[in-house]
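Shown next: protein_25.cif, containing mmCIF, C-alpha atoms, pLDDT in the B column; chains and numbers go by the auth columns.
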```cif
data_work
loop_
_atom_site.group_PDB
_atom_site.id
_atom_site.type_symbol
_atom_site.label_atom_id
_atom_site.label_comp_id
_atom_site.label_asym_id
_atom_site.label_seq_id
_atom_site.Cartn_x
_atom_site.Cartn_y
_atom_site.Cartn_z
_atom_site.B_iso_or_equiv
_atom_site.auth_seq_id
_atom_site.auth_asym_id
ATOM 1 C CA MET A 1 128.356 14.938 -102.782 52.00 23 A
ATOM 2 C CA SER A 2 126.801 18.294 -103.579 63.00 24 A
ATOM 3 C CA ILE A 3 129.069 21.248 -104.330 74.00 25 A
ATOM 4 C CA LYS A 4 127.935 24.614 -102.916 85.00 26 A
ATOM 5 C CA ASN A 5 128.346 27.412 -105.455 90.00 27 A
ATOM 6 C CA ASP A 6 130.035 30.571 -104.220 94.00 28 A
ATOM 7 C CA ILE A 7 131.077 32.454 -107.347 96.00 29 A
ATOM 8 C CA LYS A 8 132.822 35.805 -106.924 97.00 30 A
ATOM 9 C CA ILE A 9 133.456 37.856 -110.065 96.00 31 A
ATOM 10 C CA MET A 10 135.695 40.878 -109.581 96.00 32 A
ATOM 11 C CA PRO A 11 135.249 44.218 -111.409 94.00 33 A
ATOM 12 C CA LYS A 12 136.034 44.387 -115.141 94.00 34 A
ATOM 13 C CA ALA A 13 135.888 40.585 -115.434 97.00 35 A
ATOM 14 C CA VAL A 14 133.773 39.289 -118.321 97.00 36 A
ATOM 15 C CA VAL A 15 132.150 35.922 -117.638 97.00 37 A
ATOM 16 C CA VAL A 16 129.593 34.735 -120.184 96.00 38 A
ATOM 17 C CA ASP A 17 126.444 32.840 -119.200 95.00 39 A
ATOM 18 C CA GLU A 18 127.358 29.941 -121.495 95.00 40 A
ATOM 19 C CA CYS A 19 130.254 28.792 -119.296 97.00 41 A
ATOM 20 C CA THR A 20 130.134 26.302 -116.422 97.00 42 A
ATOM 21 C CA LEU A 21 131.151 27.476 -112.942 97.00 43 A
ATOM 22 C CA ARG A 22 130.738 25.144 -109.945 97.00 44 A
ATOM 23 C CA GLY A 23 132.017 25.467 -106.396 96.00 45 A
ATOM 24 C CA ASP A 24 133.904 28.203 -104.540 97.00 46 A
ATOM 25 C CA ILE A 25 135.480 30.260 -107.333 98.00 47 A
ATOM 26 C CA THR A 26 136.976 33.754 -107.316 98.00 48 A
ATOM 27 C CA ILE A 27 137.574 35.257 -110.761 98.00 49 A
ATOM 28 C CA GLY A 28 140.078 38.094 -110.722 97.00 50 A
ATOM 29 C CA ALA A 29 139.568 41.589 -112.080 97.00 51 A
ATOM 30 C CA GLY A 30 139.746 41.866 -115.845 96.00 52 A
ATOM 31 C CA SER A 31 139.679 38.107 -116.509 97.00 53 A
ATOM 32 C CA VAL A 32 137.675 36.736 -119.448 97.00 54 A
ATOM 33 C CA VAL A 33 135.765 33.441 -119.456 98.00 55 A
ATOM 34 C CA HIS A 34 134.559 32.359 -122.933 97.00 56 A
ATOM 35 C CA PRO A 35 131.462 30.303 -123.781 96.00 57 A
ATOM 36 C CA GLY A 36 131.946 26.592 -123.155 96.00 58 A
ATOM 37 C CA ALA A 37 134.749 27.104 -120.634 98.00 59 A
ATOM 38 C CA CYS A 38 134.382 25.002 -117.488 98.00 60 A
ATOM 39 C CA ILE A 39 135.756 25.873 -114.029 98.00 61 A
ATOM 40 C CA ILE A 40 134.944 23.339 -111.306 97.00 62 A
ATOM 41 C CA ALA A 41 136.049 23.603 -107.671 97.00 63 A
ATOM 42 C CA GLU A 42 135.134 20.226 -106.182 94.00 64 A
ATOM 43 C CA GLY A 43 138.293 19.598 -104.119 93.00 65 A
ATOM 44 C CA GLY A 44 138.537 23.099 -102.663 95.00 66 A
ATOM 45 C CA PRO A 45 138.353 26.749 -103.744 97.00 67 A
ATOM 46 C CA ILE A 46 139.811 28.089 -106.984 98.00 68 A
ATOM 47 C CA ILE A 47 141.327 31.580 -106.851 98.00 69 A
ATOM 48 C CA ILE A 48 142.053 33.154 -110.240 98.00 70 A
ATOM 49 C CA GLY A 49 144.287 36.209 -110.645 98.00 71 A
ATOM 50 C CA GLU A 50 143.740 39.270 -112.796 97.00 72 A
ATOM 51 C CA ASN A 51 143.541 39.363 -116.596 97.00 73 A
ATOM 52 C CA CYS A 52 143.412 35.618 -117.262 98.00 74 A
ATOM 53 C CA ILE A 53 141.774 34.290 -120.434 98.00 75 A
ATOM 54 C CA PHE A 54 139.816 31.011 -120.461 98.00 76 A
ATOM 55 C CA GLU A 55 139.030 30.106 -124.059 97.00 77 A
ATOM 56 C CA GLU A 56 136.277 27.828 -125.373 97.00 78 A
ATOM 57 C CA TYR A 57 136.194 24.301 -123.949 97.00 79 A
ATOM 58 C CA SER A 58 139.084 24.907 -121.561 98.00 80 A
ATOM 59 C CA THR A 59 138.558 22.992 -118.318 98.00 81 A
ATOM 60 C CA ILE A 60 139.994 24.031 -114.966 98.00 82 A
ATOM 61 C CA ILE A 61 139.234 21.564 -112.203 98.00 83 A
ATOM 62 C CA ASN A 62 140.338 21.333 -108.588 97.00 84 A
ATOM 63 C CA LYS A 63 139.771 17.637 -107.857 92.00 85 A
ATOM 64 C CA THR A 64 139.785 15.804 -104.569 87.00 86 A
ATOM 65 C CA LEU A 65 142.743 13.425 -104.484 86.00 87 A
ATOM 66 C CA PRO A 66 142.932 10.265 -102.352 84.00 88 A
ATOM 67 C CA THR A 67 145.663 11.943 -100.255 86.00 89 A
ATOM 68 C CA ASP A 68 143.521 15.015 -99.445 86.00 90 A
ATOM 69 C CA SER A 69 142.130 15.022 -95.927 89.00 91 A
ATOM 70 C CA GLU A 70 140.888 18.626 -96.204 91.00 92 A
ATOM 71 C CA PRO A 71 139.994 20.914 -99.131 92.00 93 A
ATOM 72 C CA VAL A 72 143.015 22.255 -101.023 94.00 94 A
ATOM 73 C CA THR A 73 142.978 25.663 -102.737 96.00 95 A
ATOM 74 C CA MET A 74 143.944 25.905 -106.398 98.00 96 A
ATOM 75 C CA THR A 75 145.742 29.200 -107.064 98.00 97 A
ATOM 76 C CA ILE A 76 146.074 30.622 -110.568 98.00 98 A
ATOM 77 C CA GLY A 77 148.233 33.730 -110.848 98.00 99 A
ATOM 78 C CA PRO A 78 147.537 36.757 -113.054 98.00 100 A
ATOM 79 C CA ASN A 79 147.882 37.054 -116.839 97.00 101 A
ATOM 80 C CA ASN A 80 147.539 33.371 -117.785 97.00 102 A
ATOM 81 C CA ILE A 81 146.009 32.106 -121.035 98.00 103 A
ATOM 82 C CA PHE A 82 144.126 28.795 -121.200 98.00 104 A
ATOM 83 C CA GLU A 83 143.568 27.939 -124.851 98.00 105 A
ATOM 84 C CA VAL A 84 140.836 25.878 -126.508 98.00 106 A
ATOM 85 C CA GLY A 85 140.332 22.409 -125.086 97.00 107 A
ATOM 86 C CA CYS A 86 143.078 22.416 -122.447 98.00 108 A
ATOM 87 C CA ARG A 87 142.443 20.574 -119.164 98.00 109 A
ATOM 88 C CA ILE A 88 144.275 21.943 -116.156 98.00 110 A
ATOM 89 C CA GLU A 89 144.214 20.293 -112.744 97.00 111 A
ATOM 90 C CA SER A 90 147.476 21.815 -111.466 97.00 112 A
ATOM 91 C CA ARG A 91 146.898 23.467 -108.091 96.00 113 A
ATOM 92 C CA ASN A 92 149.845 25.891 -108.290 96.00 114 A
ATOM 93 C CA ILE A 93 150.093 28.125 -111.339 98.00 115 A
ATOM 94 C CA GLY A 94 152.255 31.248 -111.441 97.00 116 A
ATOM 95 C CA GLU A 95 151.768 34.194 -113.775 97.00 117 A
ATOM 96 C CA LYS A 96 152.088 34.844 -117.524 96.00 118 A
ATOM 97 C CA ASN A 97 151.760 31.191 -118.560 97.00 119 A
ATOM 98 C CA ILE A 98 150.193 29.838 -121.730 97.00 120 A
ATOM 99 C CA PHE A 99 148.445 26.479 -121.812 98.00 121 A
ATOM 100 C CA GLU A 100 148.048 25.758 -125.511 97.00 122 A
ATOM 101 C CA CYS A 101 145.250 23.806 -127.203 98.00 123 A
ATOM 102 C CA LYS A 102 144.492 20.384 -125.704 98.00 124 A
ATOM 103 C CA SER A 103 147.345 20.548 -123.205 98.00 125 A
ATOM 104 C CA PHE A 104 146.990 18.825 -119.828 98.00 126 A
ATOM 105 C CA ALA A 105 148.575 19.374 -116.391 97.00 127 A
ATOM 106 C CA SER A 106 147.815 16.950 -113.543 96.00 128 A
ATOM 107 C CA PRO A 107 147.197 18.133 -109.937 96.00 129 A
ATOM 108 C CA ASN A 108 150.778 17.620 -108.727 94.00 130 A
ATOM 109 C CA VAL A 109 152.368 19.726 -111.467 97.00 131 A
ATOM 110 C CA LYS A 110 153.600 23.114 -110.228 97.00 132 A
ATOM 111 C CA VAL A 111 153.853 25.707 -112.978 97.00 133 A
ATOM 112 C CA GLY A 112 156.194 28.657 -112.394 96.00 134 A
ATOM 113 C CA ASN A 113 156.049 31.996 -114.239 96.00 135 A
ATOM 114 C CA GLY A 114 156.285 32.589 -117.982 96.00 136 A
ATOM 115 C CA CYS A 115 155.896 28.936 -118.973 96.00 137 A
ATOM 116 C CA ILE A 116 154.368 27.592 -122.182 96.00 138 A
ATOM 117 C CA ILE A 117 152.815 24.139 -122.268 97.00 139 A
ATOM 118 C CA GLY A 118 152.608 23.278 -125.952 96.00 140 A
ATOM 119 C CA ALA A 119 149.602 22.018 -127.876 97.00 141 A
ATOM 120 C CA GLY A 120 148.689 18.477 -126.889 97.00 142 A
ATOM 121 C CA CYS A 121 151.438 18.171 -124.257 97.00 143 A
ATOM 122 C CA GLN A 122 150.515 16.047 -121.227 97.00 144 A
ATOM 123 C CA LEU A 123 152.227 16.782 -117.894 97.00 145 A
ATOM 124 C CA GLN A 124 151.649 13.909 -115.458 94.00 146 A
ATOM 125 C CA GLY A 125 152.846 13.118 -111.955 92.00 147 A
ATOM 126 C CA GLU A 126 154.780 15.279 -109.543 94.00 148 A
ATOM 127 C CA GLN A 127 156.979 17.867 -111.252 95.00 149 A
ATOM 128 C CA GLU A 128 157.808 21.559 -111.130 97.00 150 A
ATOM 129 C CA LEU A 129 158.264 23.779 -114.168 96.00 151 A
ATOM 130 C CA LYS A 130 160.841 26.441 -113.456 95.00 152 A
ATOM 131 C CA GLU A 131 160.452 29.999 -114.726 95.00 153 A
ATOM 132 C CA ASN A 132 160.231 30.404 -118.553 96.00 154 A
ATOM 133 C CA THR A 133 160.036 26.658 -119.267 96.00 155 A
ATOM 134 C CA VAL A 134 158.683 25.661 -122.678 96.00 156 A
ATOM 135 C CA VAL A 135 157.164 22.185 -123.022 96.00 157 A
ATOM 136 C CA PHE A 136 156.854 21.053 -126.630 96.00 158 A
ATOM 137 C CA GLY A 137 156.602 18.132 -129.037 95.00 159 A
ATOM 138 C CA LYS A 138 155.069 14.677 -128.855 91.00 160 A
ATOM 139 C CA ASP A 139 157.564 13.639 -126.151 94.00 161 A
ATOM 140 C CA CYS A 140 156.892 16.788 -124.072 93.00 162 A
ATOM 141 C CA GLN A 141 160.512 17.930 -124.202 93.00 163 A
ATOM 142 C CA GLN A 142 161.426 20.892 -122.003 94.00 164 A
ATOM 143 C CA ARG A 143 163.771 23.828 -122.494 92.00 165 A
ATOM 144 C CA GLU A 144 164.157 27.342 -121.165 92.00 166 A
ATOM 145 C CA ALA A 145 162.736 30.149 -123.309 88.00 167 A
ATOM 146 C CA ILE A 146 165.304 32.551 -124.723 83.00 168 A
ATOM 147 C CA GLU A 147 162.970 35.547 -124.529 81.00 169 A
ATOM 148 C CA LYS A 148 160.201 36.415 -122.112 78.00 170 A
ATOM 149 C CA GLN A 149 156.644 36.470 -123.414 79.00 171 A
ATOM 150 C CA GLY A 150 154.934 39.626 -124.521 82.00 172 A
ATOM 151 C CA SER A 151 151.861 41.011 -122.842 87.00 173 A
ATOM 152 C CA HIS A 152 148.352 39.882 -123.819 90.00 174 A
ATOM 153 C CA ILE A 153 146.631 42.939 -122.322 90.00 175 A
ATOM 154 C CA LEU A 154 145.480 44.194 -125.747 92.00 176 A
ATOM 155 C CA GLN A 155 143.787 40.830 -126.336 93.00 177 A
ATOM 156 C CA VAL A 156 142.097 40.959 -122.905 93.00 178 A
ATOM 157 C CA ASP A 157 140.897 44.535 -123.529 92.00 179 A
ATOM 158 C CA PHE A 158 139.501 43.567 -126.942 93.00 180 A
ATOM 159 C CA LEU A 159 137.653 40.539 -125.537 94.00 181 A
ATOM 160 C CA ARG A 160 136.190 42.577 -122.659 92.00 182 A
ATOM 161 C CA LYS A 161 134.744 45.020 -125.206 93.00 183 A
ATOM 162 C CA VAL A 162 133.498 42.501 -127.798 93.00 184 A
ATOM 163 C CA LEU A 163 132.110 39.530 -125.817 93.00 185 A
ATOM 164 C CA PRO A 164 129.318 41.531 -124.095 92.00 186 A
ATOM 165 C CA ASN A 165 128.015 42.487 -127.557 92.00 187 A
ATOM 166 C CA TYR A 166 127.348 38.836 -128.451 91.00 188 A
ATOM 167 C CA HIS A 167 126.773 37.025 -125.131 93.00 189 A
ATOM 168 C CA HIS A 168 124.822 37.480 -121.915 92.00 190 A
ATOM 169 C CA LEU A 169 127.102 37.881 -118.905 92.00 191 A
ATOM 170 C CA LYS A 170 126.886 36.280 -115.471 87.00 192 A
ATOM 171 C CA ASN A 171 125.798 38.684 -112.755 74.00 193 A
ATOM 172 C CA LYS A 172 128.684 40.038 -110.774 63.00 194 A
ATOM 173 C CA LYS A 173 128.598 39.138 -107.093 55.00 195 A
ATOM 174 C CA LYS A 174 130.721 41.236 -104.825 50.00 196 A
ATOM 175 C CA PRO A 175 132.722 39.494 -102.070 51.00 197 A
ATOM 176 C CA GLY A 176 130.789 39.384 -98.811 47.00 198 A
ATOM 177 C CA ALA A 177 127.502 40.192 -100.547 45.00 199 A
#
```
Go through the file and emit its structure as structure tokens.
Amino acid sequence: MSIKNDIKIMPKAVVVDECTLRGDITIGAGSVVHPGACIIAEGGPIIIGENCIFEEYSTIINKTLPTDSEPVTMTIGPNNIFEVGCRIESRNIGEKNIFECKSFASPNVKVGNGCIIGAGCQLQGEQELKENTVVFGKDCQQREAIEKQGSHILQVDFLRKVLPNYHHLKNKKKPGA
């Protein structure tokens, strides 16, 4: 099955040429997609909120599941960070979450707001992470964070200034154009 590319990159987003984008993808304003990042919408559209960071070798994929009779939209809220080598298939992601290095979330995992999925943690099956949940350790233990996360806006601003100096950027395509 061939996937039709319909990539929409909103203003102030920085998307380097060396990333992989396939399918119907909307990248929110101010988001940053690093070289080697991979975003694939094969099971339906992917809509990404503002100011998200997709680091090297992070993979975001909206897969078709055996239970899907029609395409299902993957929604990623604003201000999320996807660190090096994470693989995220979760179709419902809130805002201000951090997916640390080599973490994994399967399609039926719903991630609330302000969650941290620790390095190497694997979230499988149907589950919902409530607001400010921290997943950590080899057994993927869960607890509620005592404090809310700080903002990563300074990091996003820095990356938006620096990446264009060292990488070619994907052409921005306005919605409806």
_Test item: the PyMOL selection byres ((chain A and resi 146) around 6) resolved as a list in words_ = Ser128, Leu145 and Gly147 of chain A
*Taking the file above as input, evaluate the PyMOL selection byres ((chain A and resi 85) around 6) and report the hits as a VMD selection string.*
chain A and resid 64 to 65 83 to 84 86
*Spell out the residues picked by the PyMOL selection byres ((chain A and resi 173) around 12) here, as a list in words.*
Asn73, Cys74, Pro100, Asn101, Asn102, Ile103, Glu117, Lys118, Asn119, Ile120, Gly136, Lys170, Gln171, Gly172, His174, Ile175, Leu176, Gln177, Val178 and Asp179 of chain A
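Atom CA of Arg113 of chain A is positioned 7.0 Å from atom CA of Thr95 of chain A.
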*Would you list the contacts of segment 106-111 of chain A as a PyMOL selection string, taking every protein, DNA or RNA residue within 7 Å and counting only C-alpha atoms, but skipping same-chain residues closer than 2 positions in sequence?*
chain A and resi 77-84+104+113+121-129
*Do you know which residues lie at most 9 Å from (157.7, 30.9, -115.0), with coordinates as in the file and all atoms listed in the file counted, and could you write them as a PyMOL selection string?*
chain A and resi 115-119+133-138+151-155
Box centre and edge lengths (Å, one decimal), axis-aligned, segment 80-83 of chain A plus 6 Å each side, as AutoDock Vina command-line options:
```
--center_x 139.3 --center_y 23.2 --center_z -116.9 --size_x 13.4 --size_y 15.3 --size_z 21.4
```
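Near His189 of chain A, within 10 Å and counting all atoms listed in the file, sit A:Val37, A:Val38, A:Asp39, A:Glu40, A:His56, A:Pro57, A:Val184; same-chain residues fewer than 5 positions away were not included.
Between atom CA of Glu105 of chain A and atom CA of Val157 of chain A there is a distance of 14.9 Å.
Distances to Ser112 of chain A were evaluated for A:Val131, A:Leu87, A:Ile61, A:Ile29 using all atoms listed in the file, and the minimum falls at A:Val131.
Shortest atom-to-atom contact with Ile31 of chain A among A:Leu185, A:Cys143, A:Cys162, A:Ile49: A:Ile49, counting all atoms listed in the file.
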_Atomic separation - atom CA of Val36 of chain A relative to atom CA of Arg182 of chain A, Å_ = 6.0 Å
*Sphere at (156.8, 21.0, -126.1), radius 8 Å, counting all atoms listed in the file: residues as a ChimeraX atom specification*: /A:139-141,143,156-164
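Take the candidates A:Ala167, A:Leu43, A:Thr48, A:Glu72 and check each one against Cys60 of chain A using all atoms listed in the file; the shortest distance goes to A:Leu43.
Distances from A:Ile70, A:Lys132, A:Thr97, A:Lys34 to Gly50 of chain A were compared using only C-alpha atoms, and the smallest one belongs to A:Ile70.
Shortest atom-to-atom contact with Leu181 of chain A among A:Ile62, A:Ile75, A:Ile68, A:Ile47: A:Ile75, counting all atoms listed in the file.
Nearest-residue note for Pro186 of chain A: choosing from A:Ala63, A:Ile168, A:Ile69, A:Ala35, the minimum distance belongs to A:Ala35, counting all atoms listed in the file.
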